[in-house]
Every structure is written in structure tokens, then in C-alpha cells.
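Visitor: Just one file: entry_17.tsv, with TSV, C-alpha atoms.
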```
chain	number	residue	atom	x	y	z
T	21	MET	CA	74.74	189.37	125.44
T	22	LEU	CA	73.84	192.84	126.58
T	23	ILE	CA	75.92	196.02	126.28
T	24	LEU	CA	75.18	199.22	128.18
T	25	GLY	CA	76.42	202.39	126.47
T	26	ILE	CA	76.77	205.51	128.60
T	27	ASP	CA	77.25	209.16	127.59
T	28	PRO	CA	78.23	210.85	130.88
T	29	GLY	CA	77.05	214.23	132.12
T	30	ILE	CA	75.96	215.83	135.36
T	31	ALA	CA	72.80	217.50	134.02
T	32	ILE	CA	72.00	214.70	131.58
T	33	THR	CA	73.52	211.23	131.17
T	34	GLY	CA	72.42	209.19	128.17
T	35	TYR	CA	72.14	205.40	128.35
T	36	GLY	CA	71.42	202.74	125.76
T	37	LEU	CA	71.18	198.97	126.05
T	38	ILE	CA	71.77	196.86	122.97
T	39	GLU	CA	71.69	193.12	122.48
T	40	GLU	CA	73.42	191.04	119.84
T	41	LEU	CA	71.12	188.33	118.56
T	42	GLU	CA	72.21	184.85	117.48
T	43	SER	CA	71.78	186.01	113.89
T	44	GLY	CA	74.38	188.71	114.42
T	45	GLU	CA	71.73	191.45	114.23
T	46	ILE	CA	71.59	193.97	117.03
T	47	SER	CA	68.57	195.48	118.69
T	48	CYS	CA	67.86	198.24	121.18
T	49	ILE	CA	66.52	196.88	124.47
T	50	ASP	CA	66.15	200.20	126.22
T	51	CYS	CA	67.47	203.73	126.07
T	52	GLY	CA	66.89	207.07	127.71
T	53	VAL	CA	68.43	209.75	129.87
T	54	ILE	CA	69.07	210.35	133.55
T	55	THR	CA	68.65	214.01	134.38
T	56	THR	CA	69.44	215.87	137.59
T	57	ARG	CA	68.16	219.27	138.66
T	58	ALA	CA	70.60	222.19	138.55
T	59	SER	CA	69.03	223.54	141.73
T	60	LEU	CA	70.42	220.62	143.76
T	61	PRO	CA	73.94	220.73	145.26
T	62	PRO	CA	76.56	218.67	143.33
T	63	GLN	CA	76.62	215.78	145.82
T	64	GLU	CA	72.83	215.35	145.59
T	65	ARG	CA	72.96	215.35	141.80
T	66	LEU	CA	75.72	212.72	141.88
T	67	LEU	CA	73.67	210.62	144.31
T	68	GLU	CA	70.59	210.82	142.05
T	69	LEU	CA	72.66	209.81	138.99
T	70	PHE	CA	74.35	206.98	140.90
T	71	ASN	CA	71.08	205.59	142.29
T	72	ARG	CA	69.28	205.63	138.98
T	73	LEU	CA	72.17	204.07	137.06
T	74	SER	CA	72.63	201.41	139.76
T	75	ARG	CA	68.96	200.49	139.47
T	76	LEU	CA	69.30	200.19	135.67
T	77	ILE	CA	72.31	197.90	136.07
T	78	GLU	CA	70.47	195.79	138.62
T	79	GLN	CA	67.42	195.57	136.38
T	80	PHE	CA	69.17	194.62	133.14
T	81	ARG	CA	72.43	193.04	134.35
T	82	PRO	CA	74.46	194.07	131.25
T	83	ASP	CA	77.56	191.99	130.43
T	84	SER	CA	79.66	195.07	129.83
T	85	ALA	CA	79.47	198.85	129.82
T	86	ALA	CA	80.97	201.21	127.26
T	87	VAL	CA	81.55	204.73	128.58
T	88	GLU	CA	82.57	207.74	126.50
T	89	LYS	CA	86.03	209.05	127.30
T	90	LEU	CA	86.32	212.77	127.82
T	91	PHE	CA	88.56	214.65	125.50
T	92	PHE	CA	90.13	217.83	126.75
T	93	GLN	CA	87.57	220.61	126.93
T	94	LYS	CA	88.27	224.31	126.78
T	95	ASN	CA	85.84	224.84	129.61
T	96	ALA	CA	87.68	223.34	132.59
T	97	LYS	CA	84.64	223.72	134.85
T	98	THR	CA	82.54	221.59	132.50
T	99	ALA	CA	85.30	219.00	132.15
T	100	MET	CA	85.56	218.71	135.93
T	101	ASP	CA	81.78	218.47	136.41
T	102	VAL	CA	81.48	215.75	133.77
T	103	SER	CA	84.46	213.92	135.31
T	104	GLN	CA	82.74	213.91	138.70
T	105	ALA	CA	79.69	212.35	137.03
T	106	ARG	CA	81.97	209.86	135.26
T	107	GLY	CA	83.45	208.92	138.63
T	108	VAL	CA	80.10	207.80	140.04
T	109	ILE	CA	79.19	206.10	136.73
T	110	LEU	CA	82.38	204.00	136.82
T	111	LEU	CA	81.67	203.26	140.50
T	112	ALA	CA	78.13	202.04	139.74
T	113	CYS	CA	79.57	199.70	137.07
T	114	ALA	CA	82.28	198.40	139.43
T	115	GLN	CA	79.74	197.81	142.22
T	116	GLY	CA	77.44	196.03	139.77
T	117	LEU	CA	80.37	193.86	138.54
T	118	VAL	CA	79.95	195.19	135.00
T	119	LYS	CA	83.15	195.31	132.96
T	120	VAL	CA	83.98	198.82	131.78
T	121	TYR	CA	85.36	199.81	128.40
T	122	GLU	CA	86.13	203.38	127.38
T	123	TYR	CA	85.98	204.93	123.93
T	124	THR	CA	86.84	208.37	122.58
T	125	PRO	CA	84.21	210.29	120.58
T	126	VAL	CA	86.32	209.77	117.43
T	127	ALA	CA	86.42	206.00	117.95
T	128	VAL	CA	82.63	205.97	118.36
T	129	LYS	CA	82.10	207.93	115.13
T	130	GLN	CA	84.50	205.66	113.25
T	131	ALA	CA	82.78	202.53	114.51
T	132	VAL	CA	79.25	203.69	113.76
T	133	ALA	CA	79.59	205.81	110.62
T	134	GLY	CA	82.93	204.64	109.22
T	135	TYR	CA	84.84	207.86	109.73
T	136	GLY	CA	85.80	210.02	112.71
T	137	ASN	CA	84.44	213.29	111.35
T	138	ALA	CA	80.84	212.16	110.92
T	139	ASP	CA	78.37	214.73	112.20
T	140	LYS	CA	75.67	214.21	114.83
T	141	LYS	CA	72.90	213.65	112.29
T	142	GLN	CA	74.85	211.01	110.40
T	143	ILE	CA	75.57	209.16	113.63
T	144	GLN	CA	71.93	209.29	114.67
T	145	GLU	CA	70.80	207.97	111.28
T	146	MET	CA	73.36	205.14	111.41
T	147	VAL	CA	72.22	204.21	114.91
T	148	ARG	CA	68.63	204.07	113.65
T	149	VAL	CA	69.58	201.85	110.67
T	150	LEU	CA	71.88	199.51	112.62
T	151	LEU	CA	69.29	198.97	115.33
T	152	GLN	CA	66.43	198.72	112.80
T	153	MET	CA	64.43	201.45	114.48
T	154	GLU	CA	61.62	203.36	112.84
T	155	ALA	CA	62.68	206.82	113.92
T	156	ILE	CA	65.79	208.58	115.09
T	157	VAL	CA	66.27	208.22	118.84
T	158	LYS	CA	65.59	211.29	120.94
T	159	PRO	CA	67.04	212.96	122.93
T	160	ASP	CA	70.54	213.16	121.43
T	161	ASP	CA	72.21	211.86	124.58
T	162	ALA	CA	70.29	208.57	124.37
T	163	ALA	CA	71.25	208.20	120.70
T	164	ASP	CA	74.89	208.94	121.59
T	165	ALA	CA	74.79	206.27	124.29
T	166	LEU	CA	73.50	203.71	121.78
T	167	ALA	CA	76.32	204.71	119.40
T	168	ILE	CA	78.86	204.09	122.18
T	169	ALA	CA	77.35	200.64	122.83
T	170	ILE	CA	77.52	199.82	119.10
T	171	CYS	CA	81.15	200.98	119.07
T	172	HIS	CA	81.95	198.49	121.83
T	173	LEU	CA	80.18	195.67	120.02
T	174	HIS	CA	82.19	196.36	116.86
T	175	SER	CA	85.38	196.53	118.89
T	176	CYS	CA	84.63	193.16	120.49
T	177	ARG	CA	83.92	191.57	117.13
T	178	PHE	CA	87.09	193.04	115.65
T	179	LEU	CA	89.26	191.96	118.55
T	180	GLY	CA	87.50	188.60	118.93
T	181	LEU	CA	86.70	189.34	122.55
T	182	ASN	CA	83.96	186.73	122.61
T	183	ASP	CA	84.57	185.75	126.19
T	184	GLU	CA	84.93	189.34	127.29
T	185	TYR	CA	81.65	190.97	126.45
U	13	MET	CA	80.93	218.32	166.73
U	14	LEU	CA	83.10	216.50	164.23
U	15	ILE	CA	84.42	217.79	160.90
U	16	LEU	CA	85.90	215.56	158.21
U	17	GLY	CA	88.43	217.28	155.93
U	18	ILE	CA	89.18	215.63	152.60
U	19	ASP	CA	92.00	216.29	150.10
U	20	PRO	CA	90.84	214.38	147.00
U	21	GLY	CA	93.03	212.30	144.69
U	22	ILE	CA	92.84	209.03	142.80
U	23	ALA	CA	96.23	207.66	143.90
U	24	ILE	CA	96.08	209.22	147.36
U	25	THR	CA	93.22	210.92	149.21
U	26	GLY	CA	94.01	212.58	152.53
U	27	TYR	CA	91.47	212.69	155.34
U	28	GLY	CA	91.46	214.35	158.73
U	29	LEU	CA	88.84	214.41	161.49
U	30	ILE	CA	88.82	217.28	163.95
U	31	GLU	CA	86.60	218.00	166.90
U	32	GLU	CA	85.80	221.31	168.53
U	33	LEU	CA	85.78	221.00	172.30
U	34	GLU	CA	83.48	222.91	174.65
U	35	SER	CA	86.48	225.10	175.52
U	36	GLY	CA	86.78	226.18	171.89
U	37	GLU	CA	90.01	224.22	171.46
U	38	ILE	CA	90.23	221.81	168.56
U	39	SER	CA	91.80	218.39	168.47
U	40	CYS	CA	92.64	215.79	165.84
U	41	ILE	CA	90.54	212.64	166.23
U	42	ASP	CA	92.02	210.73	163.32
U	43	CYS	CA	93.86	211.36	160.09
U	44	GLY	CA	95.49	209.39	157.33
U	45	VAL	CA	95.37	208.59	153.64
U	46	ILE	CA	93.43	206.28	151.35
U	47	THR	CA	95.67	204.98	148.58
U	48	THR	CA	94.77	202.98	145.49
U	49	ARG	CA	97.10	200.97	143.29
U	50	ALA	CA	97.98	202.38	139.87
U	51	SER	CA	97.90	198.85	138.45
U	52	LEU	CA	94.12	198.64	138.95
U	53	PRO	CA	91.65	199.93	136.31
U	54	PRO	CA	90.06	203.32	137.16
U	55	GLN	CA	86.69	201.87	138.22
U	56	GLU	CA	88.36	199.51	140.72
U	57	ARG	CA	90.38	202.38	142.19
U	58	LEU	CA	87.23	204.46	142.54
U	59	LEU	CA	85.45	201.53	144.20
U	60	GLU	CA	88.32	201.08	146.69
U	61	LEU	CA	88.33	204.81	147.52
U	62	PHE	CA	84.54	204.89	147.88
U	63	ASN	CA	84.40	201.80	150.12
U	64	ARG	CA	87.14	202.99	152.44
U	65	LEU	CA	85.73	206.51	152.75
U	66	SER	CA	82.20	205.17	153.31
U	67	ARG	CA	83.53	202.98	156.15
U	68	LEU	CA	85.26	206.01	157.71
U	69	ILE	CA	82.03	208.01	157.55
U	70	GLU	CA	80.07	205.13	159.06
U	71	GLN	CA	82.64	204.72	161.83
U	72	PHE	CA	82.95	208.39	162.86
U	73	ARG	CA	79.63	209.90	161.71
U	74	PRO	CA	81.05	213.39	161.10
U	75	ASP	CA	78.62	216.33	161.22
U	76	SER	CA	80.03	217.85	158.07
U	77	ALA	CA	82.68	217.30	155.44
U	78	ALA	CA	84.97	219.92	153.92
U	79	VAL	CA	86.36	218.99	150.51
U	80	GLU	CA	89.07	220.85	148.63
U	81	LYS	CA	87.86	222.47	145.43
U	82	LEU	CA	89.95	221.88	142.35
U	83	PHE	CA	91.45	224.87	140.70
U	84	PHE	CA	92.14	224.67	137.00
U	85	GLN	CA	95.15	222.48	136.34
U	86	LYS	CA	97.40	222.68	133.30
U	87	ASN	CA	97.38	218.92	133.14
U	88	ALA	CA	93.84	218.16	132.01
U	89	LYS	CA	94.30	214.40	132.47
U	90	THR	CA	95.18	214.92	136.14
U	91	ALA	CA	92.27	217.32	136.65
U	92	MET	CA	89.85	214.81	135.16
U	93	ASP	CA	91.23	211.91	137.24
U	94	VAL	CA	91.01	213.93	140.45
U	95	SER	CA	87.48	215.04	139.50
U	96	GLN	CA	86.40	211.41	139.08
U	97	ALA	CA	87.74	210.71	142.58
U	98	ARG	CA	85.95	213.83	143.83
U	99	GLY	CA	82.72	212.49	142.33
U	100	VAL	CA	82.80	209.32	144.44
U	101	ILE	CA	83.91	211.31	147.51
U	102	LEU	CA	80.89	213.62	147.23
U	103	LEU	CA	78.70	210.56	146.66
U	104	ALA	CA	80.01	208.84	149.82
U	105	CYS	CA	79.20	212.01	151.80
U	106	ALA	CA	75.70	212.27	150.30
U	107	GLN	CA	74.98	208.59	150.98
U	108	GLY	CA	76.24	209.02	154.56
U	109	LEU	CA	74.04	212.12	155.00
U	110	VAL	CA	77.10	214.28	155.71
U	111	LYS	CA	76.77	217.92	154.69
U	112	VAL	CA	79.40	218.94	152.16
U	113	TYR	CA	81.28	222.25	152.06
U	114	GLU	CA	83.89	223.11	149.45
U	115	TYR	CA	86.94	225.36	149.82
U	116	THR	CA	89.61	226.51	147.39
U	117	PRO	CA	93.29	225.98	148.28
U	118	VAL	CA	93.67	229.75	148.77
U	119	ALA	CA	90.77	229.87	151.23
U	120	VAL	CA	92.33	227.01	153.19
U	121	LYS	CA	95.71	228.78	153.38
U	122	GLN	CA	94.06	232.02	154.46
U	123	ALA	CA	92.06	230.30	157.17
U	124	VAL	CA	94.96	228.31	158.59
U	125	ALA	CA	97.97	230.57	158.16
U	126	GLY	CA	96.37	233.98	157.72
U	127	TYR	CA	97.34	234.56	154.12
U	128	GLY	CA	96.71	232.82	150.80
U	129	ASN	CA	100.33	232.51	149.75
U	130	ALA	CA	101.54	230.51	152.74
U	131	ASP	CA	103.77	227.60	151.73
U	132	LYS	CA	103.25	223.93	152.53
U	133	LYS	CA	105.62	223.95	155.53
U	134	GLN	CA	103.91	226.94	157.12
U	135	ILE	CA	100.52	225.28	156.73
U	136	GLN	CA	101.77	222.05	158.25
U	137	GLU	CA	103.30	223.88	161.20
U	138	MET	CA	100.09	225.85	161.79
U	139	VAL	CA	98.05	222.63	161.66
U	140	ARG	CA	100.39	221.14	164.27
U	141	VAL	CA	100.08	224.19	166.56
U	142	LEU	CA	96.30	224.59	166.19
U	143	LEU	CA	95.68	220.91	166.92
U	144	GLN	CA	98.29	220.87	169.71
U	145	MET	CA	100.17	217.97	168.16
U	146	GLU	CA	103.74	217.06	169.01
U	147	ALA	CA	104.99	216.59	165.47
U	148	ILE	CA	104.02	217.66	162.00
U	149	VAL	CA	101.46	215.31	160.43
U	150	LYS	CA	102.72	212.99	157.73
U	151	PRO	CA	102.05	212.33	154.89
U	152	ASP	CA	101.35	215.77	153.43
U	153	ASP	CA	97.91	214.75	152.16
U	154	ALA	CA	96.71	213.97	155.69
U	155	ALA	CA	98.04	217.34	156.94
U	156	ASP	CA	96.30	219.07	154.01
U	157	ALA	CA	93.03	217.33	154.90
U	158	LEU	CA	93.30	218.57	158.49
U	159	ALA	CA	93.94	222.10	157.18
U	160	ILE	CA	90.75	221.86	155.09
U	161	ALA	CA	88.77	220.75	158.16
U	162	ILE	CA	90.20	223.68	160.18
U	163	CYS	CA	89.24	226.05	157.35
U	164	HIS	CA	85.65	224.84	157.58
U	165	LEU	CA	85.58	225.27	161.35
U	166	HIS	CA	86.84	228.87	161.01
U	167	SER	CA	84.31	229.53	158.29
U	168	CYS	CA	81.48	228.21	160.50
U	169	ARG	CA	82.61	230.36	163.42
U	170	PHE	CA	82.90	233.40	161.20
U	171	LEU	CA	79.51	232.88	159.60
U	172	GLY	CA	77.90	231.77	162.84
U	173	LEU	CA	76.74	228.53	161.27
U	174	ASN	CA	76.24	226.91	164.63
U	175	ASP	CA	73.28	224.86	163.55
U	176	GLU	CA	74.92	223.92	160.29
U	177	TYR	CA	78.08	222.06	161.20
```
Here is a file; write its structure as C-alpha cells.

Guide:
Amino acid sequence: MLILGIDPGIAITGYGLIEELESGEISCIDCGVITTRASLPPQERLLELFNRLSRLIEQFRPDSAAVEKLFFQKNAKTAMDVSQARGVILLACAQGLVKVYEYTPVAVKQAVAGYGNADKKQIQEMVRVLLQMEAIVKPDDAADALAIAICHLHSCRFLGLNDEY
Amino acid sequence: MLILGIDPGIAITGYGLIEELESGEISCIDCGVITTRASLPPQERLLELFNRLSRLIEQFRPDSAAVEKLFFQKNAKTAMDVSQARGVILLACAQGLVKVYEYTPVAVKQAVAGYGNADKKQIQEMVRVLLQMEAIVKPDDAADALAIAICHLHSCRFLGLNDEY
């Protein structure tokens, strides 16, 4: 049972694949970032993001994807750029027949660290501990993506969505 | 020389194809709307929009696409939903190797009616006259898409982008 966590962005999208073992432990299968060059026009950046994410989905065939929900941002331009990236991310999941679940940043923090005001460092340390990794995951976007995947796993366990994820 | 105008939305996306004739006159080749059901999850709506637009591009092979730029909306949820739709629209253009140009609503009004404060009815009437159509195009989103395509044509003529569009 494989969960793909995604932290959307146009310049940098973090991804993290986690697997729940029979023992109930979880491990990190893969994680990283998809970056696109600012010098490219928006449609080319979206195409690059879409192609790379589609290949990841094809390669790993995750059972479900957990994508961070945007909260309202003061910078409308940024919010719209990230939303465009989110659009092609959701499309790649739909084309790859991967079920999509969405979580707010607060829900992710609560699931991983126990409270919604946890800071970035606390989240990264909890991700490291939960996934039994030797060092904190870098860059931040990859660690965030793993946190989103963990959030979905916790949510499934809590809701008993055994047939869903 | 074929231009595809697009008025992006998640519930309803307008499209309009115009062609410039040798005589310099322009005519409407096709126009309409792509709708998606509100009962579907976002990723399924985006997939439906993407598939239908991709088929249109494959069918007509436009030389360029003109897409309306979002201006900042008070309703952040709407702006983010439309941006997600815009993301898959830009992706469909990039995959179909269609050059993308973006125009603000004010630029479109200026190009079609001569001033940026023209109201919807004036724009629709100007679209009808410029394309030598018998009646005003319905629904509004299709008429808006044709206006965006006309804006791009004017912009090309003005800038002398003969090899571009």
C-alpha cells in the first residue's frame, strides 16, 4: 500500500512516497522535488511538471495521492501560479487513476506533530522519526510532501478507510 | 491561419476559433463551451476539461491560442479554482504544440470595442459585427472566447507578428 504525498508549486513541487508495512511501520520509498526553470513560459513549466509527475505515477503506481490544499495567500499572483500547478498535478493523478485526497497545512501539522502550530523543524524531525530515517530529508519541499503522505495514512487509519487507500 | 480563444473556468470554459481570410476579413470557424459537472471531484472535472480541449486542438490544429489572464478576484476560492482549470488549459496547448498568448480582460475590451470599459453587451455586438454573424453568440462564455481570439489577431497585426501566429 503506497501513498504519494505532493507539495505543489510551479518552481518546485515536492513529492514523497511512503509504504505501510504489514507490521504497521511506515517507510519512505522515494522522495524528491520536481523543479522547472523560471526562464520558460508558464505552459512549458506546467508541461515539464506534468510529464515528470506522470512518469513517477507510472513508475510507482501509488494507491492514492495526498495533495496539500492551498490556503488563501496574500500574494494573489503566487496563489494563482500554485493553483495552475495544482491543476496539472490533479490531472496527472486522474489520468493515472490515482485517488486524490486533499489536506490543509494545519491538518498535516496536526497529523504529523500532534498540533497545528508545529514549526517546520519539528515537522521535519517527526517525519525523520516516523519514517526511521537517519537524517532530516532535504530539500524542505520533499520533507513536506512526506508529511502530507503521513497525514493521509493517519487519516485513513482513523477513518478506517482500509479499502480506500 | 487559425486562432483559438479560450475563456477559462472549471464549471464552464468558453472557446472560439477564428480564421483570418486572405482579404483580411475574419470569420468564426467554431465556438462553444466545455462544461463539467459540479458533482464530480475536482480532478475528474479537470480531466474532462483537458480531454475535451485536447480533442478540439487535435481536430482544428490552431496556429495559436489566446487565453484570458485572471485579474485578482475578491473570492480567493474562485480564483484558485479557475487557476487550476487554467493550468490544464495551458498544458493542453503545450502538449498540442500551440503557442500561447495571454490577455487581460481590459486588453480584450480595448481590442474589440475600442475602450477598456465596454460592457458585455457592447463586446458581444462587436464580436457579431466583426465576425459577420447574424445573431449574437450564446452562451456568453463562447462570445467572450471569440473576443479573446479577436484581441490576439489585432495584437498580431499591430505588432506585425506575421510569423508568430

Visitor: Considering only C-alpha atoms, state which residue in the set T:Leu22, T:Ile143, T:Ala155, T:Cys48 is at the smallest distance from T:Ser84.

Guide: T:Leu22

Visitor: Calculated over all atoms listed in the file, which of the candidates T:Arg106, T:Arg148, T:Lys94, T:Arg75 has the smallest distance to chain U?

Guide: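 Of T:Arg106, T:Arg148, T:Lys94, T:Arg75, the one nearest chain U is T:Arg106, counting all atoms listed in the file.
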
Visitor: Return the single residue from T:Val128, T:Ile26, T:Met100, T:Met146 that is closest to T:Leu76, with distances computed using only C-alpha atoms.

Guide: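 Distance minimum relative to T:Leu76 lands on T:Ile26.
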
Visitor: I'd like the contact shell of T:Pro61 - 12 Å cut-off, only C-alpha atoms, skipping same-chain residues fewer than 4 positions apart - returned as number ranges by chain.

Guide: T: 30-31, 56-57, 65-68; U: 102-103, 106, 111-114

Visitor: Take the residues just selected and output them with C-alpha atoms as a CSV table (one decimal), keeping the file's coordinate frame.

Guide:
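Final output, out06.csv:
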```
chain,number,residue,atom,x,y,z
T,30,ILE,CA,76.0,215.8,135.4
T,31,ALA,CA,72.8,217.5,134.0
T,56,THR,CA,69.4,215.9,137.6
T,57,ARG,CA,68.2,219.3,138.7
T,65,ARG,CA,73.0,215.4,141.8
T,66,LEU,CA,75.7,212.7,141.9
T,67,LEU,CA,73.7,210.6,144.3
T,68,GLU,CA,70.6,210.8,142.0
U,102,LEU,CA,80.9,213.6,147.2
U,103,LEU,CA,78.7,210.6,146.7
U,106,ALA,CA,75.7,212.3,150.3
U,111,LYS,CA,76.8,217.9,154.7
U,112,VAL,CA,79.4,218.9,152.2
U,113,TYR,CA,81.3,222.2,152.1
U,114,GLU,CA,83.9,223.1,149.4
```

Visitor: Select, from T:Val87, T:Ile156, T:Leu166, T:Val149, the residue with the minimum atom-to-atom distance to chain U, counting all atoms listed in the file.

Guide: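 Closest residue, counting all atoms listed in the file: T:Val87.
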
Visitor: Just the number, please: distance in Å from atom CA of U:Cys105 to atom CA of U:Asp75, one decimal.

Guide: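 Here the two named atoms are 10.4 Å from each other.
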
Visitor: Select, from T:Thr98, T:Ser103, T:Thr55, T:Ser43, the residue with the minimum atom-to-atom distance to chain U, counting all atoms listed in the file.

Guide: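 Using all atoms listed in the file, chain U sits closest to T:Ser103.
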
Visitor: Could you jot down the atom CA of T:Gly29 to atom CA of T:Leu69 separation for me, Å, one decimal place?

Guide: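 Atom-to-atom, atom CA of T:Gly29 to atom CA of T:Leu69, that is 9.3 Å.
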
Visitor: Quick one: of T:Ile49, T:Ala162, T:Ala167, T:Val102, who's nearest to T:Gln142, counting all atoms listed in the file?

Guide: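 With all atoms listed in the file as the atom set, the closest residue is T:Ala167.
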
Visitor: Quick one: distance from atom CA of T:Gln130 to atom CA of T:Asp101 in Å, one decimal?

Guide: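 Interatomic distance here is 26.6 Å.
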
Visitor: So which residues fall inside 12 Å of (73.1, 208.1, 114.5) if we count all atoms listed in the file? Mind giving them as an NGL selection string?

Guide: :T and (128-134 or 138-153 or 155-171)

Visitor: Please work out which residues fall within 7 Å of (68.5, 206.6, 130.7), coordinates as given in the file, with all atoms listed in the file counting, and return them as JSON, numbers by chain.

Guide: {"T": [33, 34, 35, 36, 51, 52, 53, 54, 162]}
